[in-house]
Structure formats: C-alpha cells, structure tokens
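Okay, coords14.cif is below, mmCIF, C-alpha atoms:
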```cif
data_entry
loop_
_atom_site.label_atom_id
_atom_site.label_comp_id
_atom_site.auth_asym_id
_atom_site.auth_seq_id
_atom_site.Cartn_x
_atom_site.Cartn_y
_atom_site.Cartn_z
CA MET A 28 -70.81 -14.32 -1.46
CA PHE A 29 -67.09 -13.91 -2.03
CA GLN A 30 -65.64 -14.45 -5.48
CA LEU A 31 -62.36 -16.36 -5.37
CA LEU A 32 -59.56 -16.28 -7.90
CA ARG A 33 -55.90 -16.54 -7.05
CA ARG A 34 -53.02 -16.51 -9.46
CA PRO A 35 -49.33 -17.04 -8.64
CA SER A 36 -47.05 -14.06 -8.99
CA GLN A 37 -43.35 -13.53 -9.50
CA ARG A 38 -41.62 -11.33 -12.04
CA LEU A 39 -38.51 -9.23 -12.51
CA ALA A 40 -39.38 -5.87 -14.05
CA ALA A 41 -42.65 -5.07 -12.35
CA GLY A 42 -45.47 -6.40 -10.22
CA VAL A 43 -48.38 -8.61 -11.05
CA VAL A 44 -52.01 -8.93 -10.08
CA VAL A 45 -53.73 -11.51 -7.93
CA LEU A 46 -57.49 -11.64 -7.44
CA THR A 47 -58.60 -13.29 -4.24
CA ALA A 48 -61.22 -13.02 -1.54
CA ILE A 49 -59.58 -12.71 1.82
CA GLY A 50 -61.96 -10.03 3.05
CA LEU A 51 -61.65 -6.32 2.44
CA ALA A 52 -58.17 -4.90 3.05
CA MET A 53 -57.35 -4.10 6.63
CA SER A 54 -56.03 -0.75 7.70
CA PRO A 55 -52.26 -0.49 8.30
CA ALA A 56 -52.76 -0.88 12.02
CA ALA A 57 -55.23 -3.75 11.88
CA GLY A 58 -54.23 -6.93 13.67
CA GLN A 59 -51.57 -5.27 15.80
CA THR A 60 -51.56 -5.63 19.56
CA LYS A 61 -52.71 -2.51 21.33
CA ARG A 62 -49.79 -1.00 23.20
CA GLU A 63 -50.13 -0.33 26.92
CA LYS A 64 -50.46 3.33 27.69
CA SER A 65 -47.84 3.03 30.43
CA LYS A 66 -45.23 1.76 27.97
CA PRO A 67 -45.24 4.02 24.89
CA ALA A 68 -43.05 2.78 22.06
CA ALA A 69 -40.02 4.79 21.09
CA PRO A 70 -40.50 6.73 17.85
CA VAL A 71 -39.22 4.85 14.81
CA ALA A 72 -38.27 6.46 11.50
CA GLY A 73 -40.51 4.50 9.19
CA PRO A 74 -43.48 4.64 6.86
CA ALA A 75 -46.04 7.42 6.79
CA ASP A 76 -49.41 7.87 5.11
CA PHE A 77 -49.99 10.13 2.12
CA ARG A 78 -53.32 10.84 0.49
CA SER A 79 -54.58 12.24 -2.79
CA GLN A 80 -57.99 12.20 -4.42
CA ASN A 81 -57.83 8.58 -5.57
CA PHE A 82 -54.88 7.06 -3.69
CA TYR A 83 -54.03 6.29 -0.07
CA VAL A 84 -50.32 5.41 0.08
CA HIS A 85 -48.37 3.94 2.99
CA THR A 86 -44.67 4.36 2.21
CA ASP A 87 -41.21 4.96 3.63
CA LEU A 88 -40.39 7.32 0.76
CA GLU A 89 -39.36 10.84 1.70
CA PRO A 90 -42.35 13.25 1.65
CA LYS A 91 -41.17 14.91 -1.55
CA GLU A 92 -40.79 11.53 -3.29
CA ALA A 93 -44.16 10.39 -1.97
CA GLN A 94 -45.89 13.50 -3.33
CA GLU A 95 -44.23 12.99 -6.70
CA LEU A 96 -45.46 9.40 -6.70
CA LEU A 97 -49.01 10.50 -5.91
CA GLU A 98 -48.96 13.09 -8.69
CA ARG A 99 -47.69 10.49 -11.16
CA LEU A 100 -50.31 7.94 -10.13
CA GLU A 101 -53.14 10.50 -10.26
CA THR A 102 -52.14 11.66 -13.73
CA MET A 103 -51.91 8.09 -15.00
CA LEU A 104 -55.25 7.22 -13.40
CA ALA A 105 -56.86 10.16 -15.18
CA ILE A 106 -55.45 8.87 -18.45
CA ILE A 107 -56.57 5.27 -18.08
CA SER A 108 -59.95 6.31 -16.70
CA SER A 109 -60.44 8.41 -19.81
CA TYR A 110 -59.23 5.59 -22.08
CA TRP A 111 -61.65 3.05 -20.59
CA ALA A 112 -64.33 5.73 -20.08
CA ARG A 113 -64.93 4.69 -16.47
CA PRO A 114 -63.97 6.68 -13.36
CA CYS A 115 -62.12 4.77 -10.68
CA SER A 116 -64.47 3.19 -8.16
CA GLY A 117 -63.24 4.24 -4.74
CA VAL A 118 -59.80 5.01 -3.37
CA ILE A 119 -56.86 2.71 -4.20
CA GLU A 120 -54.75 1.76 -1.20
CA CYS A 121 -51.03 1.19 -1.78
CA TYR A 122 -48.05 -0.03 0.22
CA VAL A 123 -44.90 1.24 -1.51
CA VAL A 124 -41.63 0.07 0.04
CA LYS A 125 -38.20 1.56 -0.53
CA ASP A 126 -36.38 0.05 2.45
CA LEU A 127 -38.03 -2.91 4.14
CA GLU A 128 -35.81 -2.44 7.21
CA LYS A 129 -37.77 0.74 8.01
CA TRP A 130 -41.04 -1.16 8.36
CA PRO A 131 -41.75 -2.47 11.88
CA GLN A 132 -42.68 -6.13 11.95
CA GLY A 133 -46.39 -6.64 11.39
CA LEU A 134 -47.02 -3.27 9.80
CA LEU A 135 -46.86 -4.64 6.26
CA PRO A 136 -49.68 -7.17 5.64
CA GLU A 137 -48.46 -10.72 5.06
CA ASP A 138 -50.16 -10.97 1.66
CA GLY A 139 -47.79 -8.45 0.14
CA LEU A 140 -44.61 -9.18 2.07
CA PRO A 141 -43.21 -12.03 -0.09
CA HIS A 142 -43.56 -9.96 -3.24
CA ILE A 143 -41.83 -6.96 -1.65
CA GLU A 144 -39.02 -9.22 -0.43
CA ALA A 145 -38.67 -10.53 -4.00
CA GLY A 146 -38.24 -6.96 -5.27
CA ALA A 147 -41.52 -6.99 -7.19
CA GLY A 148 -45.16 -6.23 -6.47
CA VAL A 149 -48.67 -7.61 -6.34
CA THR A 150 -52.22 -6.30 -6.41
CA ILE A 151 -54.84 -8.09 -4.35
CA THR A 152 -58.46 -7.41 -5.18
CA SER A 153 -61.23 -8.63 -2.91
CA THR A 154 -64.76 -8.82 -4.29
CA LEU A 155 -67.96 -9.18 -2.30
CA SER A 156 -71.23 -9.96 -4.10
CA SER A 157 -74.65 -9.32 -2.67
CA GLY A 158 -77.43 -10.03 -5.11
CA ALA A 159 -76.79 -8.08 -8.30
CA ALA A 160 -74.34 -5.74 -6.58
CA THR A 161 -70.59 -6.40 -6.42
CA LEU A 162 -68.11 -4.44 -4.34
CA ALA A 163 -64.39 -4.60 -5.06
CA LYS A 164 -61.41 -3.37 -3.07
CA SER A 165 -57.86 -3.40 -4.46
CA VAL A 166 -54.67 -3.11 -2.43
CA VAL A 167 -51.31 -2.56 -4.10
CA TYR A 168 -48.00 -3.82 -2.69
CA ALA A 169 -44.98 -2.58 -4.65
CA VAL A 170 -41.30 -1.84 -4.37
CA ALA A 171 -40.51 1.84 -4.81
CA ASP A 172 -38.98 1.81 -8.28
CA ARG A 173 -40.59 3.92 -10.97
CA GLY A 174 -42.39 1.22 -12.91
CA THR A 175 -43.82 -1.22 -10.38
CA PRO A 176 -46.30 1.13 -8.61
CA GLN A 177 -47.55 2.31 -12.00
CA HIS A 178 -47.95 -1.26 -13.28
CA GLU A 179 -49.83 -2.27 -10.15
CA ALA A 180 -52.01 0.86 -10.21
CA VAL A 181 -53.38 -0.23 -13.59
CA HIS A 182 -54.32 -3.61 -12.12
CA ALA A 183 -55.87 -1.95 -9.07
CA TYR A 184 -57.98 0.39 -11.19
CA CYS A 185 -59.29 -2.51 -13.30
CA GLY A 186 -59.88 -4.76 -10.33
CA GLN A 187 -61.62 -2.11 -8.28
CA THR A 188 -63.63 -0.65 -11.16
CA PHE A 189 -64.52 -3.75 -13.19
CA GLY A 190 -64.01 -6.51 -10.63
CA THR A 191 -61.52 -8.20 -12.99
CA THR A 192 -58.38 -7.37 -14.97
CA GLY A 193 -59.21 -9.45 -18.02
CA PRO A 194 -57.24 -12.34 -19.56
CA VAL A 195 -53.52 -12.51 -18.84
CA TRP A 196 -52.28 -11.21 -22.20
CA TYR A 197 -54.49 -8.13 -21.96
CA SER A 198 -54.17 -7.56 -18.22
CA GLU A 199 -50.38 -7.68 -18.13
CA GLY A 200 -49.87 -6.05 -21.51
CA MET A 201 -51.87 -2.99 -20.51
CA ALA A 202 -50.23 -2.86 -17.06
CA GLU A 203 -46.82 -2.92 -18.73
CA MET A 204 -47.87 0.03 -20.85
CA GLY A 205 -48.66 1.79 -17.59
CA GLN A 206 -45.26 0.86 -16.17
CA TYR A 207 -43.40 2.45 -19.07
CA TRP A 208 -45.52 5.57 -19.28
CA HIS A 209 -43.74 8.92 -19.01
CA LYS A 210 -45.73 12.15 -18.73
CA ASP A 211 -43.76 13.99 -21.43
CA GLU A 212 -44.46 11.25 -23.96
CA PHE A 213 -48.22 11.06 -23.54
CA SER A 214 -50.56 12.30 -26.26
CA LYS A 215 -53.74 13.76 -24.79
CA ASN A 216 -55.41 13.66 -28.19
CA ALA A 217 -54.80 9.96 -28.72
CA LYS A 218 -55.39 9.08 -25.05
CA VAL A 219 -52.70 6.38 -25.14
CA PHE A 220 -49.03 6.05 -24.31
CA GLN A 221 -47.63 6.52 -27.80
CA SER A 222 -43.85 6.66 -27.60
CA VAL A 223 -41.79 3.52 -26.91
CA HIS A 224 -39.94 3.93 -23.63
CA ILE A 225 -39.03 0.52 -22.24
CA HIS A 226 -36.13 -1.05 -20.38
CA ASP A 227 -33.12 -1.47 -22.67
CA VAL A 228 -32.86 -5.18 -21.85
CA VAL A 229 -36.50 -5.66 -22.91
CA LEU A 230 -35.94 -3.74 -26.14
CA GLU A 231 -32.85 -5.80 -26.96
CA TYR A 232 -34.68 -9.04 -26.21
CA LEU A 233 -37.63 -8.17 -28.47
CA ARG A 234 -35.41 -7.07 -31.35
CA GLU A 235 -33.12 -10.08 -31.23
CA SER A 236 -35.68 -12.84 -30.60
CA GLU A 237 -37.80 -14.70 -33.11
CA PRO A 238 -41.23 -13.04 -32.77
CA LYS A 239 -43.69 -15.00 -30.69
CA SER A 240 -46.84 -15.65 -32.69
CA LEU A 241 -50.03 -13.78 -31.89
CA ASN A 242 -51.73 -17.08 -31.11
CA GLU A 243 -49.03 -17.96 -28.55
CA ILE A 244 -49.46 -14.59 -26.83
CA VAL A 245 -53.26 -14.57 -26.79
CA ASN A 246 -54.08 -18.26 -26.39
CA GLY A 247 -50.94 -19.79 -24.88
CA GLN A 248 -50.99 -21.58 -21.53
CA GLU A 249 -49.44 -18.63 -19.73
CA PHE A 250 -50.08 -17.12 -16.33
CA THR A 251 -49.45 -13.97 -14.38
CA GLY A 252 -45.90 -13.81 -13.06
CA ASP A 253 -44.50 -16.45 -15.43
CA SER A 254 -41.51 -14.53 -16.89
CA TRP A 255 -40.41 -11.04 -17.86
CA GLN A 256 -39.96 -12.31 -21.42
CA ASN A 257 -43.65 -13.20 -21.67
CA TYR A 258 -44.51 -9.79 -20.23
CA ALA A 259 -42.42 -8.23 -22.99
CA TRP A 260 -44.45 -9.94 -25.74
CA ARG A 261 -47.73 -8.95 -24.10
CA TRP A 262 -46.57 -5.34 -23.93
CA ALA A 263 -45.52 -5.41 -27.59
CA LEU A 264 -48.91 -6.66 -28.77
CA CYS A 265 -50.95 -4.28 -26.60
CA HIS A 266 -48.74 -1.29 -27.46
CA LEU A 267 -49.10 -2.03 -31.17
CA LEU A 268 -52.87 -2.49 -31.09
CA ALA A 269 -53.51 0.50 -28.81
CA ASN A 270 -51.49 2.90 -30.98
CA ASN A 271 -51.76 1.68 -34.56
CA VAL A 272 -54.38 3.72 -36.44
CA ASN A 273 -55.58 0.58 -38.23
CA TYR A 274 -56.34 -1.45 -35.09
CA ALA A 275 -56.81 0.99 -32.21
CA PRO A 276 -60.50 1.70 -33.01
CA LYS A 277 -61.31 -1.97 -32.33
CA PHE A 278 -58.84 -2.52 -29.50
CA ARG A 279 -60.50 -0.31 -26.91
CA PRO A 280 -63.97 -1.89 -27.37
CA LEU A 281 -62.34 -5.32 -27.26
CA GLY A 282 -60.63 -4.47 -23.97
CA LEU A 283 -63.80 -3.14 -22.42
CA ALA A 284 -65.67 -6.28 -23.44
CA LEU A 285 -62.97 -8.45 -21.88
CA LEU A 286 -63.08 -6.43 -18.65
CA LYS A 287 -66.86 -6.69 -18.54
CA LYS A 288 -66.67 -10.42 -19.30
CA GLU A 289 -68.81 -10.03 -22.39
CA PRO A 290 -68.66 -12.75 -25.07
CA THR A 291 -65.82 -11.80 -27.44
CA SER A 292 -62.34 -12.88 -28.48
CA PHE A 293 -59.22 -11.57 -30.18
CA GLU A 294 -59.95 -13.76 -33.21
CA ALA A 295 -63.54 -12.56 -33.51
CA VAL A 296 -62.45 -8.92 -33.58
CA TYR A 297 -59.29 -9.12 -35.68
CA GLY A 298 -59.71 -12.31 -37.70
CA ASP A 299 -60.16 -10.51 -41.02
CA MET A 300 -57.03 -8.42 -40.36
CA ALA A 301 -54.71 -11.30 -39.45
CA ASN A 302 -52.23 -10.84 -42.30
CA GLU A 303 -52.00 -7.08 -41.86
CA ILE A 304 -51.59 -7.28 -38.08
CA MET A 305 -48.90 -9.95 -38.30
CA PHE A 306 -47.00 -7.91 -40.88
CA GLU A 307 -47.12 -4.73 -38.79
CA TYR A 308 -46.31 -6.66 -35.60
CA ARG A 309 -43.14 -8.10 -37.16
CA PHE A 310 -42.22 -4.75 -38.69
CA PHE A 311 -42.64 -3.06 -35.29
CA LEU A 312 -40.35 -5.56 -33.59
CA LYS A 313 -37.71 -5.39 -36.34
CA HIS A 314 -37.44 -1.60 -36.18
CA LEU A 315 -38.11 -1.15 -32.47
CA GLU A 316 -36.22 1.76 -30.90
CA GLN A 317 -36.68 4.03 -27.92
CA GLY A 318 -38.99 6.80 -29.13
CA TYR A 319 -40.61 4.67 -31.86
CA ARG A 320 -44.15 5.84 -32.65
CA VAL A 321 -46.48 3.09 -33.86
CA ASP A 322 -49.09 5.65 -34.91
CA LEU A 323 -46.61 7.41 -37.21
CA CYS A 324 -45.47 4.11 -38.73
CA SER A 325 -48.92 2.60 -39.33
CA TRP A 326 -49.36 1.25 -42.86
CA ASP A 327 -51.99 2.68 -45.17
CA TRP A 328 -53.85 -0.39 -46.43
CA ASN A 329 -56.60 1.62 -48.11
CA ARG A 330 -54.59 3.50 -50.74
CA LYS A 331 -55.33 2.46 -54.31
CA PHE A 332 -52.36 1.47 -56.50
CA ARG A 333 -52.10 1.37 -60.28
CA ALA A 334 -49.47 0.80 -62.93
CA PRO A 335 -48.80 4.03 -64.86
CA LYS A 336 -49.11 3.65 -68.64
CA GLY A 337 -47.59 5.67 -71.44
CA SER A 338 -46.76 9.20 -70.33
CA ALA A 339 -49.32 9.19 -67.51
CA THR A 340 -47.99 10.18 -64.08
CA VAL A 341 -49.03 9.18 -60.58
CA ALA A 342 -48.65 11.79 -57.85
CA ALA A 343 -48.29 11.30 -54.10
CA LYS A 344 -47.54 13.38 -51.02
CA ILE A 345 -44.95 12.01 -48.62
CA LYS A 346 -44.66 13.34 -45.05
CA ALA A 347 -41.36 13.60 -43.22
CA ASP A 348 -42.81 12.44 -39.90
CA ARG A 349 -44.24 9.13 -41.14
CA GLY A 350 -42.90 5.67 -41.88
CA TRP A 351 -43.35 3.96 -45.24
CA GLN A 352 -46.13 5.65 -47.23
CA PRO A 353 -47.88 4.47 -50.40
CA SER A 354 -46.83 6.03 -53.69
CA GLY A 355 -49.88 4.68 -55.46
CA VAL A 356 -47.64 3.06 -58.09
CA ILE A 357 -47.46 -0.63 -58.95
CA VAL A 358 -43.96 -1.28 -60.27
CA THR A 359 -42.71 -4.11 -62.49
CA SER A 360 -39.28 -5.67 -62.11
CA GLY A 361 -36.74 -4.28 -64.56
CA VAL A 362 -38.90 -1.34 -65.71
CA GLU A 363 -37.32 2.10 -65.50
CA TYR A 364 -39.37 4.73 -63.65
CA GLU A 365 -38.82 8.46 -63.79
CA TYR A 366 -39.68 10.68 -60.86
CA LYS A 367 -39.51 14.30 -59.81
CA THR A 368 -40.14 15.84 -56.39
CA ALA A 369 -41.02 19.31 -55.13
CA GLY A 370 -40.75 20.81 -51.65
CA THR A 371 -38.50 20.52 -48.61
CA TRP A 372 -38.64 18.83 -45.23
CA GLN A 373 -36.76 18.69 -41.93
CA THR A 374 -35.57 15.75 -39.83
CA ALA A 375 -35.60 17.80 -36.60
CA GLU A 376 -37.24 20.99 -35.39
CA ASP A 377 -33.97 22.90 -35.59
CA ALA A 378 -32.62 21.12 -38.70
CA LYS A 379 -32.07 22.95 -41.97
CA PRO A 380 -34.80 22.24 -44.55
CA VAL A 381 -33.56 19.93 -47.30
CA SER A 382 -34.88 18.57 -50.58
CA ALA A 383 -35.43 14.88 -51.25
CA ASP A 384 -31.66 14.64 -51.80
CA GLY A 385 -31.28 14.88 -48.05
CA ALA A 386 -28.48 16.37 -45.97
CA GLN A 387 -24.89 16.21 -47.17
CA THR A 388 -23.88 14.07 -44.20
CA ASP A 389 -22.77 10.49 -43.70
CA ASP A 390 -26.25 9.34 -42.69
CA GLY A 391 -27.98 11.22 -45.51
CA ALA A 392 -30.85 12.19 -43.23
CA GLY A 393 -33.82 13.47 -45.19
CA ARG A 394 -33.09 11.55 -48.39
CA LEU A 395 -36.10 10.07 -50.16
CA MET A 396 -36.11 6.27 -49.85
CA GLY A 397 -38.12 3.59 -51.62
CA VAL A 398 -39.12 -0.03 -50.98
CA VAL A 399 -41.30 -2.54 -52.85
CA MET A 400 -43.90 -4.71 -51.12
CA ASN A 401 -44.98 -8.09 -52.42
CA VAL A 402 -48.66 -7.79 -51.54
CA GLU A 403 -49.38 -11.49 -52.01
CA LYS A 404 -46.74 -12.57 -49.48
CA PHE A 405 -46.82 -9.44 -47.31
CA GLU A 406 -43.06 -9.13 -47.70
CA LEU A 407 -40.80 -6.11 -48.16
CA GLY A 408 -37.76 -5.96 -50.38
CA GLU A 409 -34.58 -4.09 -49.51
CA PRO A 410 -34.91 -0.29 -49.25
CA PHE A 411 -33.13 1.76 -51.94
CA GLU A 412 -32.14 5.41 -52.30
CA LEU A 413 -33.93 7.85 -54.55
CA GLY A 414 -33.52 11.62 -54.27
CA ALA A 415 -35.00 14.85 -55.58
CA ASP A 416 -35.38 13.64 -59.17
CA GLY A 417 -34.07 10.98 -61.51
CA SER A 418 -34.96 7.41 -62.41
CA PHE A 419 -34.72 3.94 -60.93
CA SER A 420 -35.14 0.38 -62.09
CA ALA A 421 -37.73 -1.52 -60.05
CA PRO A 422 -35.97 -4.32 -58.15
CA SER A 423 -39.12 -6.50 -58.08
CA ASP A 424 -42.84 -6.55 -58.79
CA GLY A 425 -45.13 -4.96 -56.24
CA GLN A 426 -46.31 -1.75 -54.63
CA LEU A 427 -43.87 1.12 -54.20
CA TYR A 428 -43.65 2.77 -50.76
CA LEU A 429 -41.65 5.88 -49.92
CA ARG A 430 -40.30 7.60 -46.80
CA CYS A 431 -37.95 10.27 -45.51
CA ARG A 432 -34.74 8.71 -44.27
CA ASP A 433 -34.39 9.09 -40.51
CA LYS A 434 -34.02 6.90 -37.45
CA TRP A 435 -37.21 5.02 -36.66
CA GLY A 436 -37.28 6.39 -33.15
CA ALA A 437 -36.80 10.00 -34.27
CA LEU A 438 -39.71 10.65 -36.64
CA ALA A 439 -41.94 12.61 -34.26
CA ASP A 440 -40.07 15.92 -34.59
CA ASN A 441 -39.80 15.82 -38.39
CA LYS A 442 -41.61 18.44 -40.44
CA GLY A 443 -42.60 19.01 -44.03
CA THR A 444 -44.20 17.25 -46.99
CA LEU A 445 -42.85 16.50 -50.44
CA THR A 446 -44.83 15.96 -53.62
CA ILE A 447 -43.59 13.32 -56.03
CA LYS A 448 -44.68 12.48 -59.55
CA LEU A 449 -43.76 9.13 -61.13
CA LYS A 450 -44.13 7.69 -64.61
CA ALA A 451 -43.01 4.49 -66.28
CA GLY A 452 -40.27 4.39 -68.85
CA ALA A 453 -38.79 1.55 -70.87
CA LYS A 454 -38.03 -1.97 -69.66
CA LYS A 455 -34.31 -2.68 -69.45
#
```

In structure tokens, what does this structure look like?
Amino acid sequence: MFQLLRRPSQRLAAGVVVLTAIGLAMSPAAGQTKREKSKPAAPVAGPADFRSQNFYVHTDLEPKEAQELLERLETMLAIISSYWARPCSGVIECYVVKDLEKWPQGLLPEDGLPHIEAGAGVTITSTLSSGAATLAKSVVYAVADRGTPQHEAVHAYCGQTFGTTGPVWYSEGMAEMGQYWHKDEFSKNAKVFQSVHIHDVVLEYLRESEPKSLNEIVNGQEFTGDSWQNYAWRWALCHLLANNVNYAPKFRPLGLALLKKEPTSFEAVYGDMANEIMFEYRFFLKHLEQGYRVDLCSWDWNRKFRAPKGSATVAAKIKADRGWQPSGVIVTSGVEYEYKTAGTWQTAEDAKPVSADGAQTDDGAGRLMGVVMNVEKFELGEPFELGADGSFSAPSDGQLYLRCRDKWGALADNKGTLTIKLKAGAKK
C-alpha cells in the first residue's frame, strides 16, 4: 500500500520537503508524446543529465557548474550518512533549475514546477509498502542557488533512507544546517557543521529578535514552508544541540529515534537540562556572529567551585580558543581578590604572543576578562577587565568565569593557555 503524507511548501531562503504517494518518480522523458521520426525536433540548448555515485541530476547548469554541484552534494551526503550512521538508500534524483526558460514545456514534472517558479524548492518522497518491506524514492526540485539543493538533499536522504524526515522542527532545522554548510568549515572529527555561516539577514534577525522559546520551536503549531523566520529558529536550536559538547551526545540518538519513529520526545531527552539549555541557547543568540563556534563556547557545568579562605589559592587554566571558562572560585560581592597569571596566548595564528594584559591596541585583544554568574537565576553580570596580575572587587555574588578577549566569531584560530591563581583578600 502507498503511504500518504502531504505538507504545503513555500519559503524564501531554501526549499522544503513534502512526503506524498504519487507513484515512483518518472524519468525526465516520461509522459511526453513520442516525436515522429519524420519530423525531428530542432536542437534546443537546455538541460542535460549528470550522474555521480549517489545523485542523478537534471539541470541547465553549465557542465563545470553541474560537476561542482555533484561534488558538493556527494561530500555533504558522505557527512550526513556518517552522522546518522546509515548509507543512503539508492540514488537521489534532482531537478536543479537555473533558467526556467531553457526547459522545454513538459520536461519538468508538474509537482516541482510551482516551487521552481516561486524561486524555492521541494522534495517529494514516494513510499510503497509491501508487507514488512517499505521502498522509498525521493525526487528533489530546486532552484540553482547554493543553499537550496543542499537543503533539499538532506530531506531526500532522510526520506529515501528512513521513509520520513522527522517532525518539522528537526527536519527543517537539520536541512538548514545542510544549506549553510561550507566544505572548509566542516570538522571531520566532530562530524557536524561547526562554524556559523548563515545569511546575514537571518543572523541579524536572530540577534535582534526576542528569542523564541524552546517549547514554541519544538511543540508549536508550525508546518513546513511557513516562514523563513521559523526556519531560522529551527536552525538555531539544531545547530546548538548538534555542536554543543553538553548536548550533542544526546542529540544524535534523539534524531535517529525521531527518524525511525521510535517513542521519544525532546522533553524526555533534555528535561533535566532545561535550565542549562535555555541559558546556552540565549547566550548563543546574543553573541551570534559569522564564524561562531558553539563547541568552543560550550559551558562547563561540571567544574567544582569553592570560596577560597585565608591565604589559600585556587588555580585554573584558561584557553585562548574558548568562551567563558570556570575559574573554580566562588566570589562574594565587595570582597577584594588577588590574582596572578603565567603564560602567553595568541588571538590569531600570525599574532604576536601576549600576556593576560593583552595587545596594546584599541580593542585590547588577548586581555584576560572576567564575569560573574548567578547560578540560582542562570544570569550573567557585566564582563570586566582583569590583566596579567592585580586585584579586583567582586561586583556580585556568584561563580567567576574567565576568557581571553576576542570577537566571538574569531576564537577558532586562537592559541595558548594561561594559568591563573586567585585568593581572597579583605572585604571593602
């Protein structure tokens, strides 16, 4: 029997996925009237077919552009297949359109035409069940920008391999990650797309808007193709969970369970981490920049903190290529704390090593910074400057965190580690 599921689709930045059962995809020539041999058609400069191991692409792109597209899609497919630990089931067929005028009438199947005309894309997956066996065939229709074919290829892989793409928040969030993927920013070790590389308008929207709650994203009455703004929130949540060292270990199994339609939910997996996730989610959105690395800015919730007494010192190591890091010290408002650092670090591969005093420039890159967290409210105070050695008066009660001053999107090329020792002095 056929399994039917259709969802509406329309979006601005990339394509969407529709699952339906209209029969397995026809070949490009299917349904056309057979031309009479005595009246051969004049040659028309139009689409051609290009093949690779896992993709069969019909496109009007120039051959060089088509080959580049195939290489990009194959590399991304290898990445997502590795991430979900499932090879792609069968070849993914794609219609990628740069100029619709070059496509003879009837050559582009009607199912994809409206989405191409709208400047977007759609993936149609047909499933056929026979007893315990289920066959799935996905066909991608996409405009020939950089992101849309990649977005749709993620849907096609899931649809063809799992027979479903999962709930909307997960399906579209992961496909958006695929849209924004760039080869040079992929970490083979982490097997995820780590560096933020999104459209500037999306970045500006996320930074300037009041964060949508996790419940609204995961459980809201939303649907595929609703708005690019909703796609932006889904991307933000999936990017955070897939890359943050605190939540990534549970995110992949959650995604696989959703794709396999196993009984699970976001709340069941992350319920005991709700406060931490919401804090890191808001922090991510507040400091979002191109090049931001969630993995490097993950918070260490396991470090033990204590209040130093008498002449006792607390030591910590602070890395240049990380966000806020725990000092291990609980500070009290108004108490003076003495500190001393050792070592140097760099805020770029070719930058001159500096101490915790940082560079003698207007931005003071490399200077040691501090901030106090109210652990009961999960709130941060205002950051303040420290340096190589000296003293400071704690601005509030809480846990002291430290970092190397640098732009949030430029931490990945930093090098070096400083050691700091802190002890409490007198209360002012």

Name the residues that the PyMOL selection byres ((chain A and resi 295-301) around 12) pulls out of this structure, and write them as a PyMOL selection string.
-> chain A and resi 240-242+268+273-282+284-285+290-294+302-308+328+405

Output of the PyMOL selection byres ((chain A and resi 444) around 9), listed as number ranges by chain | A: 344-348, 369-372, 442-443, 445-446

Might you spell out which residues the PyMOL selection byres ((chain A and resi 85-92) around 6) would select in the displayed file, as an NGL selection string?
-> :A and (73-76 or 84 or 93-95 or 122-124)

From the list A:Asp322, A:Glu199, A:Asp390, A:Asp424, the nearest residue to A:Val245 using all atoms listed in the file is A:Glu199

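Taking atom CA of A:Tyr232 and atom CA of A:Asp440 as the two end points, the separation is 26.9 Å.
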
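Minimum distance to A:Ala105 across A:Phe77, A:Phe411, A:Trp351, A:Tyr184 (counting only C-alpha atoms) occurs at A:Tyr184.
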
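Across the structure, atom CA of A:Ser360 and atom CA of A:Ser338 are spaced 18.6 Å apart.
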
Using only C-alpha atoms, I'd like a table of the residues in stretch 191-255 of chain A that come within 10 Å of stretch 175-179 of chain A; for each, show the closest atom pair and its distance in Å rounded to one decimal, ordered by chain and ascending number, as JSON lines.
```
{"residue": "A:Glu199", "atom": "CA", "partner": "A:His178", "partner_atom": "CA", "distance": 8.4}
{"residue": "A:Gly200", "atom": "CA", "partner": "A:His178", "partner_atom": "CA", "distance": 9.7}
{"residue": "A:Met201", "atom": "CA", "partner": "A:His178", "partner_atom": "CA", "distance": 8.4}
{"residue": "A:Ala202", "atom": "CA", "partner": "A:His178", "partner_atom": "CA", "distance": 4.7}
{"residue": "A:Glu203", "atom": "CA", "partner": "A:His178", "partner_atom": "CA", "distance": 5.8}
{"residue": "A:Met204", "atom": "CA", "partner": "A:His178", "partner_atom": "CA", "distance": 7.7}
{"residue": "A:Gly205", "atom": "CA", "partner": "A:His178", "partner_atom": "CA", "distance": 5.3}
{"residue": "A:Gln206", "atom": "CA", "partner": "A:His178", "partner_atom": "CA", "distance": 4.5}
{"residue": "A:Tyr207", "atom": "CA", "partner": "A:Gln177", "partner_atom": "CA", "distance": 8.2}
{"residue": "A:Trp208", "atom": "CA", "partner": "A:Gln177", "partner_atom": "CA", "distance": 8.2}
```

By how many Å are atom CA of A:Asn270 and atom CA of A:Ser254 apart?
-> 24.5 Å

Would you mind listing what lies within 12 Å of A:Leu312 as a PyMOL selection string, with only C-alpha atoms counted and same-chain residues fewer than 2 positions away left out?
-> chain A and resi 223+229-239+259-260+262-264+266-267+305-310+314-317+319+321+435

Tell me, as a PyMOL selection string, which residues lie within 9 Å of A:Gly408, counting all atoms listed in the file; anything in the same chain fewer than 6 positions away does not count.
-> chain A and resi 398-401+422-423
